[in-house]
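A.B. asks: Here you go, structure_13.tsv (TSV, C-alpha atoms):
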chain	number	residue	atom	x	y	z
A	1	MET	CA	87.86	-143.49	-97.95
A	2	ASN	CA	87.74	-140.50	-95.63
A	3	ILE	CA	86.67	-141.73	-92.18
A	4	LYS	CA	87.34	-138.43	-90.42
A	5	LYS	CA	83.89	-136.94	-91.07
A	6	PRO	CA	81.86	-140.02	-89.93
A	7	LEU	CA	84.10	-140.28	-86.87
A	8	ILE	CA	83.52	-136.65	-85.91
A	9	LEU	CA	79.78	-137.08	-86.49
A	10	SER	CA	79.70	-140.19	-84.29
A	11	LEU	CA	81.62	-138.45	-81.51
A	12	LYS	CA	79.24	-135.50	-81.72
A	13	TRP	CA	76.19	-137.70	-81.21
A	14	ILE	CA	77.86	-139.63	-78.42
A	15	LEU	CA	78.56	-136.31	-76.70
A	16	ILE	CA	74.94	-135.24	-77.19
A	17	CYS	CA	73.72	-138.53	-75.70
A	18	VAL	CA	75.99	-138.21	-72.69
A	19	LEU	CA	74.95	-134.61	-72.02
A	20	ILE	CA	71.22	-135.22	-72.42
A	21	GLY	CA	71.42	-138.48	-70.49
A	22	VAL	CA	73.25	-136.91	-67.55
A	23	PHE	CA	70.99	-133.86	-67.43
A	24	SER	CA	67.76	-135.87	-67.81
A	25	GLY	CA	68.91	-138.60	-65.43
A	26	SER	CA	69.89	-136.05	-62.78
A	27	ALA	CA	66.56	-134.28	-63.21
A	28	SER	CA	64.71	-137.60	-62.85
A	29	ALA	CA	66.70	-138.48	-59.72
A	30	PHE	CA	65.84	-135.13	-58.13
A	31	PHE	CA	62.23	-135.54	-59.25
A	32	LEU	CA	61.93	-139.03	-57.72
A	33	VAL	CA	63.38	-137.87	-54.42
A	34	SER	CA	61.08	-134.83	-54.36
A	35	LEU	CA	58.08	-136.97	-55.25
A	36	GLU	CA	58.81	-139.39	-52.43
A	37	TRP	CA	59.04	-136.49	-49.98
A	38	CYS	CA	55.69	-135.11	-51.17
A	39	THR	CA	54.08	-138.54	-50.85
A	40	GLN	CA	55.38	-139.15	-47.34
A	41	PHE	CA	54.41	-135.66	-46.16
A	42	ARG	CA	50.87	-136.09	-47.51
A	43	GLU	CA	50.45	-139.54	-45.96
A	44	HIS	CA	51.52	-138.24	-42.56
A	45	HIS	CA	49.50	-135.00	-42.81
A	46	ASN	CA	46.23	-135.92	-44.50
A	47	TRP	CA	44.73	-132.52	-43.70
A	48	ILE	CA	46.77	-131.11	-46.58
A	49	ILE	CA	44.37	-132.78	-49.03
A	50	TRP	CA	41.86	-130.02	-48.22
A	51	LEU	CA	44.30	-127.65	-49.97
A	52	LEU	CA	44.02	-129.63	-53.23
A	53	PRO	CA	41.75	-127.01	-54.87
A	54	ILE	CA	44.27	-124.26	-53.99
A	55	GLY	CA	47.06	-126.37	-55.45
A	56	GLY	CA	44.95	-126.93	-58.55
A	57	LEU	CA	44.34	-123.20	-58.92
A	58	CYS	CA	48.11	-122.57	-58.68
A	59	ILE	CA	48.77	-125.12	-61.45
A	60	GLY	CA	46.01	-123.63	-63.58
A	61	LEU	CA	47.33	-120.09	-63.19
A	62	LEU	CA	50.93	-121.17	-63.89
A	63	TYR	CA	49.98	-122.76	-67.18
A	64	HIS	CA	47.47	-120.07	-68.09
A	65	TYR	CA	49.98	-117.23	-67.81
A	66	TYR	CA	53.29	-118.95	-68.49
A	67	GLY	CA	52.66	-122.31	-70.12
A	68	LYS	CA	49.96	-122.12	-72.76
A	69	ASP	CA	52.48	-123.23	-75.40
A	70	VAL	CA	53.51	-126.33	-73.43
A	71	VAL	CA	50.19	-127.34	-71.84
A	72	LYS	CA	49.81	-130.25	-74.30
A	73	GLY	CA	52.62	-132.07	-72.52
A	74	ASN	CA	53.52	-135.42	-74.08
A	75	ASN	CA	51.24	-134.71	-77.02
A	76	LEU	CA	53.41	-131.70	-77.89
A	77	LEU	CA	56.44	-134.00	-78.16
A	78	LEU	CA	54.53	-136.33	-80.47
A	79	GLU	CA	53.31	-133.43	-82.63
A	80	GLU	CA	56.77	-131.89	-82.92
A	81	TYR	CA	58.18	-135.25	-83.92
A	82	GLU	CA	55.57	-135.69	-86.65
A	83	LYS	CA	55.80	-132.11	-87.95
A	84	PRO	CA	58.83	-130.25	-86.56
A	85	ARG	CA	58.08	-126.54	-86.21
A	86	ASN	CA	59.35	-124.80	-83.10
A	87	THR	CA	61.87	-125.79	-80.46
A	88	ILE	CA	60.10	-127.09	-77.38
A	89	PRO	CA	60.46	-124.35	-74.73
A	90	LEU	CA	62.77	-125.29	-71.88
A	91	LYS	CA	60.18	-123.91	-69.45
A	92	MET	CA	58.18	-127.10	-70.06
A	93	ALA	CA	60.57	-128.87	-67.66
A	94	PRO	CA	60.16	-126.68	-64.52
A	95	LEU	CA	56.44	-126.16	-65.13
A	96	VAL	CA	55.59	-129.87	-65.31
A	97	PHE	CA	58.01	-130.58	-62.45
A	98	VAL	CA	56.31	-128.09	-60.13
A	99	GLY	CA	52.83	-129.00	-61.36
A	100	THR	CA	53.37	-132.70	-60.70
A	101	LEU	CA	54.77	-132.14	-57.21
A	102	ILE	CA	51.78	-129.95	-56.33
A	103	THR	CA	49.42	-132.62	-57.66
A	104	HIS	CA	50.98	-135.35	-55.51
A	105	LEU	CA	51.56	-133.22	-52.42
A	106	PHE	CA	47.90	-132.26	-52.12
A	107	GLY	CA	46.39	-135.61	-53.09
A	108	GLY	CA	45.77	-135.87	-56.83
A	109	SER	CA	45.93	-139.25	-58.56
A	110	ALA	CA	48.61	-139.13	-61.24
A	111	GLY	CA	51.86	-140.73	-62.33
A	112	ARG	CA	55.40	-139.65	-63.06
A	113	GLU	CA	56.28	-140.88	-66.56
A	114	GLY	CA	54.72	-137.87	-68.28
A	115	THR	CA	56.78	-135.51	-66.16
A	116	ALA	CA	60.10	-137.31	-66.76
A	117	VAL	CA	59.45	-137.62	-70.50
A	118	GLN	CA	58.53	-133.95	-70.82
A	119	ILE	CA	61.61	-132.91	-68.86
A	120	GLY	CA	63.79	-135.14	-71.03
A	121	GLY	CA	62.17	-133.90	-74.23
A	122	ALA	CA	62.50	-130.24	-73.29
A	123	ILE	CA	66.17	-130.68	-72.34
A	124	ALA	CA	66.99	-132.65	-75.49
A	125	ASP	CA	65.37	-130.20	-77.88
A	126	GLN	CA	67.60	-127.36	-76.67
A	127	PHE	CA	70.56	-129.09	-78.35
A	128	LYS	CA	69.10	-128.35	-81.78
A	129	GLY	CA	70.41	-124.79	-81.72
A	130	LEU	CA	73.56	-125.60	-79.79
A	131	PHE	CA	74.71	-128.13	-82.39
A	132	GLN	CA	72.89	-126.55	-85.37
A	133	LEU	CA	70.85	-129.65	-86.20
A	134	ASP	CA	68.25	-129.97	-88.98
A	135	ALA	CA	64.65	-131.24	-88.83
A	136	SER	CA	65.66	-134.89	-89.23
A	137	ASP	CA	68.18	-134.63	-86.43
A	138	ARG	CA	65.57	-132.87	-84.31
A	139	ARG	CA	63.39	-135.96	-84.54
A	140	THR	CA	66.33	-137.89	-83.17
A	141	LEU	CA	66.60	-135.44	-80.28
A	142	ILE	CA	62.96	-135.97	-79.34
A	143	ILE	CA	63.51	-139.74	-79.37
A	144	LEU	CA	66.52	-139.26	-77.11
A	145	GLY	CA	64.58	-137.11	-74.67
A	146	ILE	CA	61.72	-139.60	-74.39
A	147	SER	CA	64.13	-142.52	-74.00
A	148	ALA	CA	66.18	-140.78	-71.30
A	149	GLY	CA	63.13	-139.67	-69.32
A	150	PHE	CA	61.38	-143.04	-69.42
A	151	ALA	CA	64.46	-145.15	-68.71
A	152	SER	CA	65.60	-143.02	-65.80
A	153	VAL	CA	62.27	-142.67	-64.01
A	154	PHE	CA	61.41	-146.39	-64.09
A	155	GLY	CA	64.89	-147.92	-64.03
A	156	THR	CA	64.23	-149.88	-67.24
A	157	PRO	CA	66.77	-148.81	-69.90
A	158	LEU	CA	65.87	-151.41	-72.53
A	159	ALA	CA	62.15	-150.69	-72.23
A	160	GLY	CA	62.80	-146.93	-72.18
A	161	ALA	CA	64.80	-147.06	-75.41
A	162	MET	CA	62.21	-149.24	-77.13
A	163	PHE	CA	59.28	-147.16	-75.84
A	164	ALA	CA	60.74	-144.02	-77.41
A	165	LEU	CA	60.96	-145.80	-80.77
A	166	GLU	CA	57.64	-147.63	-80.57
A	167	VAL	CA	55.41	-144.81	-79.31
A	168	LEU	CA	56.59	-142.68	-82.27
A	169	TYR	CA	56.04	-145.67	-84.61
A	170	PHE	CA	58.91	-147.29	-86.43
A	171	SER	CA	58.33	-146.15	-90.01
A	172	LYS	CA	60.03	-142.77	-89.57
A	173	ILE	CA	62.88	-143.99	-87.38
A	174	ASN	CA	66.33	-144.60	-88.81
A	175	PHE	CA	69.08	-146.90	-87.62
A	176	LYS	CA	71.03	-144.03	-86.07
A	177	SER	CA	68.09	-143.00	-83.87
A	178	ALA	CA	67.58	-146.58	-82.71
A	179	ILE	CA	71.21	-147.04	-81.66
A	180	LEU	CA	71.35	-143.67	-79.91
A	181	SER	CA	68.07	-144.36	-78.12
A	182	PHE	CA	69.61	-147.38	-76.40
A	183	LEU	CA	72.83	-145.52	-75.65
A	184	ILE	CA	71.13	-142.59	-73.97
A	185	ALA	CA	68.75	-144.85	-72.04
A	186	TYR	CA	71.71	-146.47	-70.30
A	187	VAL	CA	73.43	-143.13	-69.70
A	188	ALA	CA	70.28	-141.77	-68.02
A	189	TYR	CA	69.72	-145.01	-66.10
A	190	PHE	CA	73.27	-145.10	-64.70
A	191	THR	CA	73.03	-141.40	-63.84
A	192	VAL	CA	70.11	-142.17	-61.51
A	193	GLU	CA	72.12	-145.08	-60.11
A	194	PHE	CA	75.03	-142.71	-59.52
A	195	TRP	CA	72.78	-140.48	-57.42
A	196	GLN	CA	71.82	-143.61	-55.45
A	197	VAL	CA	68.10	-143.23	-56.07
A	198	LYS	CA	66.38	-146.60	-55.83
A	199	HIS	CA	63.50	-147.93	-57.90
A	200	THR	CA	60.66	-150.12	-56.66
A	201	GLN	CA	61.43	-153.86	-56.80
A	202	TYR	CA	58.88	-156.48	-57.87
A	203	ASN	CA	59.02	-160.27	-57.82
A	204	ILE	CA	57.22	-163.14	-59.56
A	205	PRO	CA	58.43	-166.21	-57.65
A	206	ILE	CA	56.41	-168.86	-59.50
A	207	VAL	CA	56.02	-169.17	-63.27
A	208	PRO	CA	54.02	-172.24	-64.37
A	209	THR	CA	54.55	-174.28	-67.52
A	210	LEU	CA	52.90	-172.93	-70.64
A	211	THR	CA	50.12	-175.41	-71.33
A	212	LEU	CA	47.09	-175.19	-73.61
A	213	ILE	CA	44.77	-174.32	-70.74
A	214	ASN	CA	47.18	-171.65	-69.50
A	215	LEU	CA	47.31	-170.23	-73.02
A	216	VAL	CA	43.52	-169.93	-73.02
A	217	TRP	CA	43.63	-168.12	-69.68
A	218	ILE	CA	46.32	-165.73	-71.00
A	219	ILE	CA	44.07	-164.80	-73.92
A	220	ILE	CA	41.06	-164.28	-71.65
A	221	VAL	CA	42.86	-162.07	-69.13
A	222	GLY	CA	44.70	-160.30	-71.98
A	223	ILE	CA	41.37	-159.28	-73.49
A	224	LEU	CA	40.21	-158.03	-70.08
A	225	PHE	CA	43.43	-156.03	-69.71
A	226	GLY	CA	42.94	-154.54	-73.18
A	227	LEU	CA	39.35	-153.53	-72.47
A	228	THR	CA	40.54	-151.96	-69.23
A	229	SER	CA	43.13	-149.97	-71.19
A	230	MET	CA	40.35	-148.69	-73.42
A	231	LEU	CA	38.25	-147.72	-70.40
A	232	PHE	CA	41.18	-145.85	-68.84
A	233	SER	CA	41.91	-143.88	-72.03
A	234	ARG	CA	38.30	-143.02	-72.74
A	235	THR	CA	37.65	-142.03	-69.13
A	236	THR	CA	40.60	-139.63	-69.09
A	237	HIS	CA	39.56	-138.06	-72.40
A	238	PHE	CA	35.91	-137.83	-71.24
A	239	TRP	CA	36.77	-135.83	-68.13
A	240	GLY	CA	39.11	-133.57	-70.11
A	241	ARG	CA	36.36	-132.75	-72.63
A	242	LEU	CA	33.77	-132.26	-69.89
A	243	PHE	CA	35.91	-129.80	-67.92
A	244	SER	CA	36.81	-127.90	-71.12
A	245	LYS	CA	33.16	-127.54	-72.13
A	246	THR	CA	31.71	-126.65	-68.74
A	247	ILE	CA	34.44	-124.39	-67.33
A	248	ARG	CA	35.73	-121.88	-69.87
A	249	TYR	CA	38.35	-120.26	-67.64
A	250	ALA	CA	41.11	-122.87	-67.58
A	251	PRO	CA	42.63	-122.09	-64.13
A	252	LEU	CA	39.27	-122.81	-62.49
A	253	ARG	CA	39.13	-126.38	-63.84
A	254	PRO	CA	41.72	-127.86	-61.45
A	255	PHE	CA	40.29	-125.70	-58.63
A	256	VAL	CA	36.81	-127.16	-59.06
A	257	GLY	CA	38.23	-130.61	-59.73
A	258	GLY	CA	40.44	-130.40	-56.65
A	259	LEU	CA	37.49	-129.40	-54.47
A	260	ILE	CA	35.44	-132.37	-55.68
A	261	LEU	CA	38.39	-134.73	-55.24
A	262	ALA	CA	39.16	-133.54	-51.70
A	263	ILE	CA	35.55	-133.99	-50.59
A	264	THR	CA	35.40	-137.43	-52.22
A	265	ILE	CA	38.67	-138.63	-50.65
A	266	PHE	CA	37.53	-137.75	-47.14
A	267	ALA	CA	34.04	-139.13	-47.85
A	268	ILE	CA	35.33	-142.60	-48.77
A	269	GLY	CA	37.83	-142.54	-45.90
A	270	THR	CA	40.94	-143.81	-47.69
A	271	THR	CA	43.91	-142.43	-49.61
A	272	LYS	CA	44.75	-145.66	-51.46
A	273	TYR	CA	43.47	-144.32	-54.80
A	274	ILE	CA	45.49	-141.09	-54.85
A	275	GLY	CA	49.14	-140.41	-55.62
A	276	LEU	CA	51.26	-143.10	-57.26
A	277	GLY	CA	49.86	-145.96	-55.20
A	278	LEU	CA	53.17	-147.87	-55.18
A	279	PRO	CA	52.51	-149.68	-51.86
A	280	ILE	CA	49.20	-150.97	-53.27
A	281	ILE	CA	50.93	-152.14	-56.44
A	282	VAL	CA	53.59	-154.03	-54.46
A	283	ASP	CA	50.98	-155.58	-52.18
A	284	SER	CA	48.91	-156.76	-55.18
A	285	PHE	CA	51.66	-159.28	-56.01
A	286	THR	CA	50.98	-161.20	-52.79
A	287	ASN	CA	47.43	-160.33	-51.65
A	288	PRO	CA	44.26	-160.33	-53.80
A	289	ASN	CA	42.77	-156.89	-54.34
A	290	ALA	CA	39.11	-155.97	-54.18
A	291	SER	CA	37.36	-156.28	-57.52
A	292	TYR	CA	36.61	-152.54	-57.60
A	293	ASP	CA	40.10	-151.19	-56.81
A	294	PHE	CA	41.13	-150.87	-60.44
A	295	LEU	CA	37.88	-149.11	-61.36
A	296	LEU	CA	38.24	-146.51	-58.61
A	297	LYS	CA	41.85	-145.83	-59.65
A	298	ILE	CA	40.67	-145.26	-63.22
A	299	LEU	CA	38.01	-142.86	-61.97
A	300	PHE	CA	40.34	-140.91	-59.68
A	301	THR	CA	43.15	-140.67	-62.24
A	302	GLY	CA	40.92	-139.76	-65.17
A	303	PHE	CA	39.23	-137.06	-63.10
A	304	THR	CA	42.54	-135.68	-61.78
A	305	LEU	CA	44.22	-135.42	-65.19
A	306	GLY	CA	41.02	-134.34	-66.96
A	307	ALA	CA	40.65	-131.46	-64.50
A	308	GLY	CA	44.08	-130.15	-65.46
A	309	PHE	CA	46.41	-131.50	-62.76
A	310	LYS	CA	49.85	-132.62	-63.91
A	311	GLY	CA	51.70	-135.92	-63.86
A	312	GLY	CA	51.68	-139.04	-65.96
A	313	GLU	CA	49.34	-141.87	-66.76
A	314	VAL	CA	51.73	-144.82	-66.70
A	315	THR	CA	52.09	-145.53	-62.97
A	316	PRO	CA	48.29	-145.35	-62.54
A	317	LEU	CA	48.09	-147.80	-65.45
A	318	PHE	CA	50.47	-150.06	-63.51
A	319	PHE	CA	48.17	-149.76	-60.49
A	320	VAL	CA	45.08	-150.53	-62.55
A	321	GLY	CA	46.63	-153.53	-64.28
A	322	ALA	CA	48.29	-155.00	-61.18
A	323	THR	CA	45.19	-154.69	-58.98
A	324	LEU	CA	42.97	-156.13	-61.73
A	325	GLY	CA	45.33	-159.06	-62.22
A	326	SER	CA	45.49	-159.56	-58.47
A	327	ALA	CA	41.70	-159.59	-58.19
A	328	LEU	CA	41.44	-162.06	-61.09
A	329	SER	CA	43.63	-164.52	-59.16
A	330	LEU	CA	40.51	-165.44	-57.18
A	331	VAL	CA	38.96	-167.00	-60.30
A	332	VAL	CA	41.88	-167.55	-62.71
A	333	PRO	CA	44.10	-170.57	-61.88
A	334	LEU	CA	47.42	-168.75	-62.34
A	335	PRO	CA	49.81	-167.48	-59.62
A	336	ILE	CA	48.74	-164.14	-58.17
A	337	ALA	CA	52.13	-162.50	-58.73
A	338	LEU	CA	52.15	-163.59	-62.37
A	339	LEU	CA	48.66	-162.21	-62.97
A	340	ALA	CA	49.56	-158.94	-61.25
A	341	GLY	CA	52.73	-158.66	-63.35
A	342	MET	CA	50.87	-159.47	-66.55
A	343	GLY	CA	48.27	-156.80	-65.80
A	344	PHE	CA	50.97	-154.34	-64.73
A	345	VAL	CA	52.44	-154.15	-68.25
A	346	ALA	CA	49.53	-155.37	-70.41
A	347	VAL	CA	47.18	-152.51	-69.48
A	348	PHE	CA	50.05	-150.13	-70.21
A	349	SER	CA	50.59	-151.89	-73.56
A	350	GLY	CA	46.98	-151.40	-74.61
A	351	ALA	CA	46.80	-147.76	-73.53
A	352	THR	CA	49.99	-146.72	-75.35
A	353	HIS	CA	49.98	-149.16	-78.31
A	354	THR	CA	53.47	-150.33	-77.34
A	355	PRO	CA	53.44	-154.14	-76.84
A	356	ILE	CA	57.14	-154.66	-77.58
A	357	SER	CA	58.48	-152.16	-75.05
A	358	CYS	CA	55.95	-153.33	-72.45
A	359	THR	CA	57.08	-156.93	-72.90
A	360	ILE	CA	60.69	-155.86	-72.45
A	361	MET	CA	59.73	-153.83	-69.39
A	362	GLY	CA	58.02	-156.86	-67.89
A	363	MET	CA	61.14	-158.97	-68.32
A	364	GLU	CA	63.35	-156.20	-66.89
A	365	LEU	CA	61.13	-155.79	-63.82
A	366	PHE	CA	59.98	-159.34	-63.17
A	367	GLY	CA	62.61	-161.58	-64.75
A	368	ILE	CA	62.96	-163.24	-68.12
A	369	GLU	CA	61.29	-166.44	-66.87
A	370	SER	CA	57.86	-164.78	-67.12
A	371	GLY	CA	58.59	-163.35	-70.57
A	372	VAL	CA	56.29	-165.65	-72.56
A	373	PHE	CA	53.28	-164.98	-70.32
A	374	ILE	CA	54.04	-161.26	-70.20
A	375	GLY	CA	54.58	-160.97	-73.96
A	376	MET	CA	51.39	-162.79	-74.90
A	377	ALA	CA	49.31	-160.76	-72.45
A	378	CYS	CA	50.76	-157.50	-73.83
A	379	LEU	CA	50.04	-158.56	-77.41
A	380	VAL	CA	46.44	-159.60	-76.72
A	381	ALA	CA	45.80	-156.41	-74.72
A	382	TYR	CA	47.31	-154.36	-77.55
A	383	PHE	CA	44.90	-155.78	-80.12
A	384	SER	CA	41.83	-155.63	-77.87
A	385	SER	CA	42.22	-152.08	-76.54
A	386	GLY	CA	40.81	-150.18	-79.51
A	387	SER	CA	42.41	-147.46	-81.59
A	388	ILE	CA	42.27	-144.68	-78.98
A	389	GLY	CA	45.07	-144.50	-76.40
A	390	ILE	CA	46.12	-142.09	-73.68
A	391	TYR	CA	48.00	-139.85	-76.14
A	392	ASN	CA	45.66	-137.98	-78.50
A	393	SER	CA	48.49	-137.07	-80.88
A	394	GLN	CA	49.93	-140.57	-81.16
A	395	ILE	CA	49.79	-142.04	-84.66
A	396	VAL	CA	48.84	-145.71	-84.51
A	397	LYS	CA	50.62	-147.83	-87.12
A	398	GLY	CA	51.46	-151.47	-87.63
A	399	ALA	CA	49.30	-154.60	-87.45
A	400	LYS	CA	46.75	-153.04	-85.11
A	401	TYR	CA	46.26	-150.08	-87.44
A	402	ARG	CA	45.75	-152.35	-90.45
A	403	LEU	CA	43.30	-154.53	-88.51
A	404	TYR	CA	41.09	-151.62	-87.47
A	405	GLN	CA	41.24	-150.11	-90.96
A	406	ARG	CA	40.02	-153.43	-92.38
A	407	ILE	CA	37.18	-153.58	-89.86
A	408	LYS	CA	36.22	-150.00	-90.69
A	409	ARG	CA	36.13	-150.72	-94.42
A	410	GLN	CA	33.99	-153.81	-93.87
A	411	ASN	CA	31.49	-151.82	-91.79
A	412	LEU	CA	31.26	-149.16	-94.49
A	413	GLU	CA	30.70	-151.80	-97.18
A	414	GLU	CA	27.90	-153.37	-95.14
A	415	LEU	CA	26.21	-149.98	-94.87
In C-alpha cells, what does this structure look like?

C.D. replies:
Amino acid sequence: MNIKKPLILSLKWILICVLIGVFSGSASAFFLVSLEWCTQFREHHNWIIWLLPIGGLCIGLLYHYYGKDVVKGNNLLLEEYEKPRNTIPLKMAPLVFVGTLITHLFGGSAGREGTAVQIGGAIADQFKGLFQLDASDRRTLIILGISAGFASVFGTPLAGAMFALEVLYFSKINFKSAILSFLIAYVAYFTVEFWQVKHTQYNIPIVPTLTLINLVWIIIVGILFGLTSMLFSRTTHFWGRLFSKTIRYAPLRPFVGGLILAITIFAIGTTKYIGLGLPIIVDSFTNPNASYDFLLKILFTGFTLGAGFKGGEVTPLFFVGATLGSALSLVVPLPIALLAGMGFVAVFSGATHTPISCTIMGMELFGIESGVFIGMACLVAYFSSGSIGIYNSQIVKGAKYRLYQRIKRQNLEEL
C-alpha cells in the first residue's frame, strides 16, 4: 500500500490549519486589544456617543461603495458553505474589523463573534486558490475559518470547533473536517495565548445536587431562556426589515439609527446597555439584575444591528441570558451564579440552534461540575426557541427540525 500520497495530503492540511490558525488567532488578538481600547475610551469620554450617527454613516458608506458583496456577513459564510460559488473576498476582514470598532467606539450595542468568524472565514477561503482546492475542500476551509475565529475570540477551543460543525449542521460534514476543526481551534486559541491576550473569567462556586425539584426548575428556566432567544432573533430581524423598508439609501440607515440611539442613551442616563457589557455580565454572577435589563439589551442590540452597525450577536446573547438568569435567582431556588451561567449559554443555544457546542462552552467557561445543569438548560432552550435564529441563512436540521416539521404537518391536516 502506497502511504506517500495520504501522508502528503495530511501534511498539507496540517500546514493549512497552522497557517489559518495563526493568521486568524493573531487577527483576533489584535481585534480584542483594539476593542478593549475602544471600550475604555468611550467609557471615559461619553461625549463621543454623540458622534454615533457619524460613525454609522461612515460604516454605511464603506459597505455601500466597497462592501456590497460582503454585507451579509456570517450569512455569506453559511450560503457559500451550502452552495459554493465565489471565493469570499478578503476585504470582508478589514471592513468588518473597522465597522465593529466604529460601532463600539461610538456606543452601539453589538458583540464580537461575528467579526472574528468573518475574519477567520475570509482568511481561510483565500487558501482555496493557493492550494488549488475543490468545492468539497472549500467547505472544509469555511469550517476551519469559523472554528478559528470563534475559538480564538472567546478562548473556548472545544466549543469553537464544535460550533463550526454544528452551526453548519452535521449531515454534510465529513470526518476529515471534524478532526481539522478541532486542530485549528487549538492553533488559533494558543496563538491568542502567545500574544498574551486574556479572556474574561467566570466562576460558578456552588453546584447543587440534581434532584427532581431542581430538574423541574431547569425545565422551567430553560423554556424561558428559549423564548428569550426567540425574542432576540425576531427583534433583530424586525429592525433590519423596518430600516430596509423605510430608508432606501443604505448608508443613511445607520446614520438615522445612530442618532436615535445616541439620544436614547443620554435620555436614560446609563451606558450599561451598549457595547459588549462584559462588566455587567460578570456582576450578574454575584448580584441579581433588574428584571428589565435583559429586555433593554435585546432592544438596544436588535436596533443597533438592524440599523446596519457591525459586530456580532453572541456576546449580547451572553448578556441577555446571564442577566435574565441573575434576575430569576430572586424567585428560582438555585444559586445565582448557576442561573446566570445557564442563561449565558442557553439563550445562545436557542438563538443559534447549537445546544452541543453551547454545553461544551459552558463546561469550558464555568467548569465541568455544572455540566448537567448547563446541558439540560441548553437542550430545553434549543427546543423551545422556535425555528428562526439569528442567522437567516442557517439550515436547521436534526431533532428540532423534525419536531417543527411534524407540528407543521399536524396544523395543515387540522385545517

A.B. asks: Out of A:Ile281, A:Val70, A:Ala110, A:Ala135, which residue has the shortest atom-to-atom distance to Lys91 (chain A) when counting all atoms listed in the file?

C.D. replies: A:Val70

A.B. asks: Using all atoms listed in the file, which of A:Gly21, A:Gly308, A:Gly129, A:Gly277 sits nearest Tyr63 (chain A)?

C.D. replies: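 Closest residue, counting all atoms listed in the file: A:Gly308.
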
A.B. asks: Rank nothing, just name the residue among A:Leu224, A:Val71, A:Ala116, A:Cys17 nearest to Leu141 (chain A), using all atoms listed in the file.

C.D. replies: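 So, comparing all the options, the nearest one is A:Cys17.
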
A.B. asks: Have a look at A:Ala122, A:Leu299, A:Leu7, A:Ile142 and name the one nearest to Lys83 (chain A); count all atoms listed in the file.

C.D. replies: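 So, comparing all the options, the nearest one is A:Ile142.
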
A.B. asks: What gap, in Å, lies between CA of Ala322 (chain A) and CA of Ile395 (chain A)?

C.D. replies: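 Calculated distance between CA of Ala322 (chain A) and CA of Ile395 (chain A) is 26.9 Å.
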
A.B. asks: Need to verify the contact set: Thr103 (chain A), 12 Å, all atoms listed in the file, exclusion of same-chain residues closer than 4 positions in sequence. Can you return it as a ChimeraX atom specification?

C.D. replies: /A:35,38-39,42,48-49,51-60,96-99,107-112,115,254-255,257-258,261-262,274-276,301,304-305,307-312

A.B. asks: In terms of the shortest atom-to-atom distance over all atoms listed in the file, which of A:Gln118, A:Thr87, A:Thr100, A:Asn289 is closest to Arg139 (chain A)?

C.D. replies: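 Selected residue with least distance to Arg139 (chain A): A:Thr87.
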
A.B. asks: Report the closest atom pair, with its distance in Å rounded to one decimal, for each residue of region 106-158 of chain A that has an atom no farther than 9 Å from region 23-27 of chain A; count only C-alpha atoms, sort by chain and then rising residue number, and write it as a Markdown table.

C.D. replies:
| residue | atom | partner | partner_atom | distance |
| --- | --- | --- | --- | --- |
| A:Ala116 | CA | A:Ser24 | CA | 7.9 |
| A:Val117 | CA | A:Ser24 | CA | 8.9 |
| A:Ile119 | CA | A:Ser24 | CA | 6.9 |
| A:Gly120 | CA | A:Ser24 | CA | 5.2 |
| A:Gly121 | CA | A:Ser24 | CA | 8.7 |
| A:Ile123 | CA | A:Ser24 | CA | 7.1 |
| A:Ala124 | CA | A:Ser24 | CA | 8.4 |
| A:Gly145 | CA | A:Ser24 | CA | 7.7 |
| A:Ala148 | CA | A:Ser24 | CA | 6.2 |
| A:Gly149 | CA | A:Ser24 | CA | 6.2 |
| A:Ala151 | CA | A:Gly25 | CA | 8.6 |
| A:Ser152 | CA | A:Gly25 | CA | 5.5 |
| A:Val153 | CA | A:Gly25 | CA | 7.9 |

A.B. asks: Please build the interface table for region 290-397 of chain A against region 239-246 of chain A with a cut-off of 7 Å, listing for each qualifying residue the nearest atom pair and the distance in Å to one decimal; count all atoms listed in the file, order rows by chain and increasing number, and write it as JSON lines.

C.D. replies:
{"residue": "A:Gly302", "atom": "CA", "partner": "A:Trp239", "partner_atom": "CA", "distance": 6.4}
{"residue": "A:Phe303", "atom": "CA", "partner": "A:Trp239", "partner_atom": "CA", "distance": 5.7}
{"residue": "A:Gly306", "atom": "CA", "partner": "A:Gly240", "partner_atom": "CA", "distance": 3.8}
{"residue": "A:Ala307", "atom": "CA", "partner": "A:Phe243", "partner_atom": "CA", "distance": 6.1}

A.B. asks: So that I have them on file, write out the residues from the current selection with C-alpha atoms, as a PDB file, keeping the file's coordinate frame.

C.D. replies:
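Resulting contents of out-v6.pdb:
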ATOM      1  CA  GLY A 302      40.920-139.760 -65.170  1.00  0.00           C
ATOM      2  CA  PHE A 303      39.230-137.060 -63.100  1.00  0.00           C
ATOM      3  CA  GLY A 306      41.020-134.340 -66.960  1.00  0.00           C
ATOM      4  CA  ALA A 307      40.650-131.460 -64.500  1.00  0.00           C
TER       5      ALA A 307
END

A.B. asks: Between A:Pro288, A:Gly226, A:Pro157, A:Gly341, which is the closest to Glu193 (chain A) once you count only C-alpha atoms?

C.D. replies: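 Once distances to Glu193 (chain A) are computed over only C-alpha atoms, the minimum belongs to A:Pro157.
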
A.B. asks: Rounded to one decimal, what separation in Å do you get between CA of Leu144 (chain A) and CA of Ala164 (chain A)?

C.D. replies: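 Those two atoms sit 7.5 Å apart.
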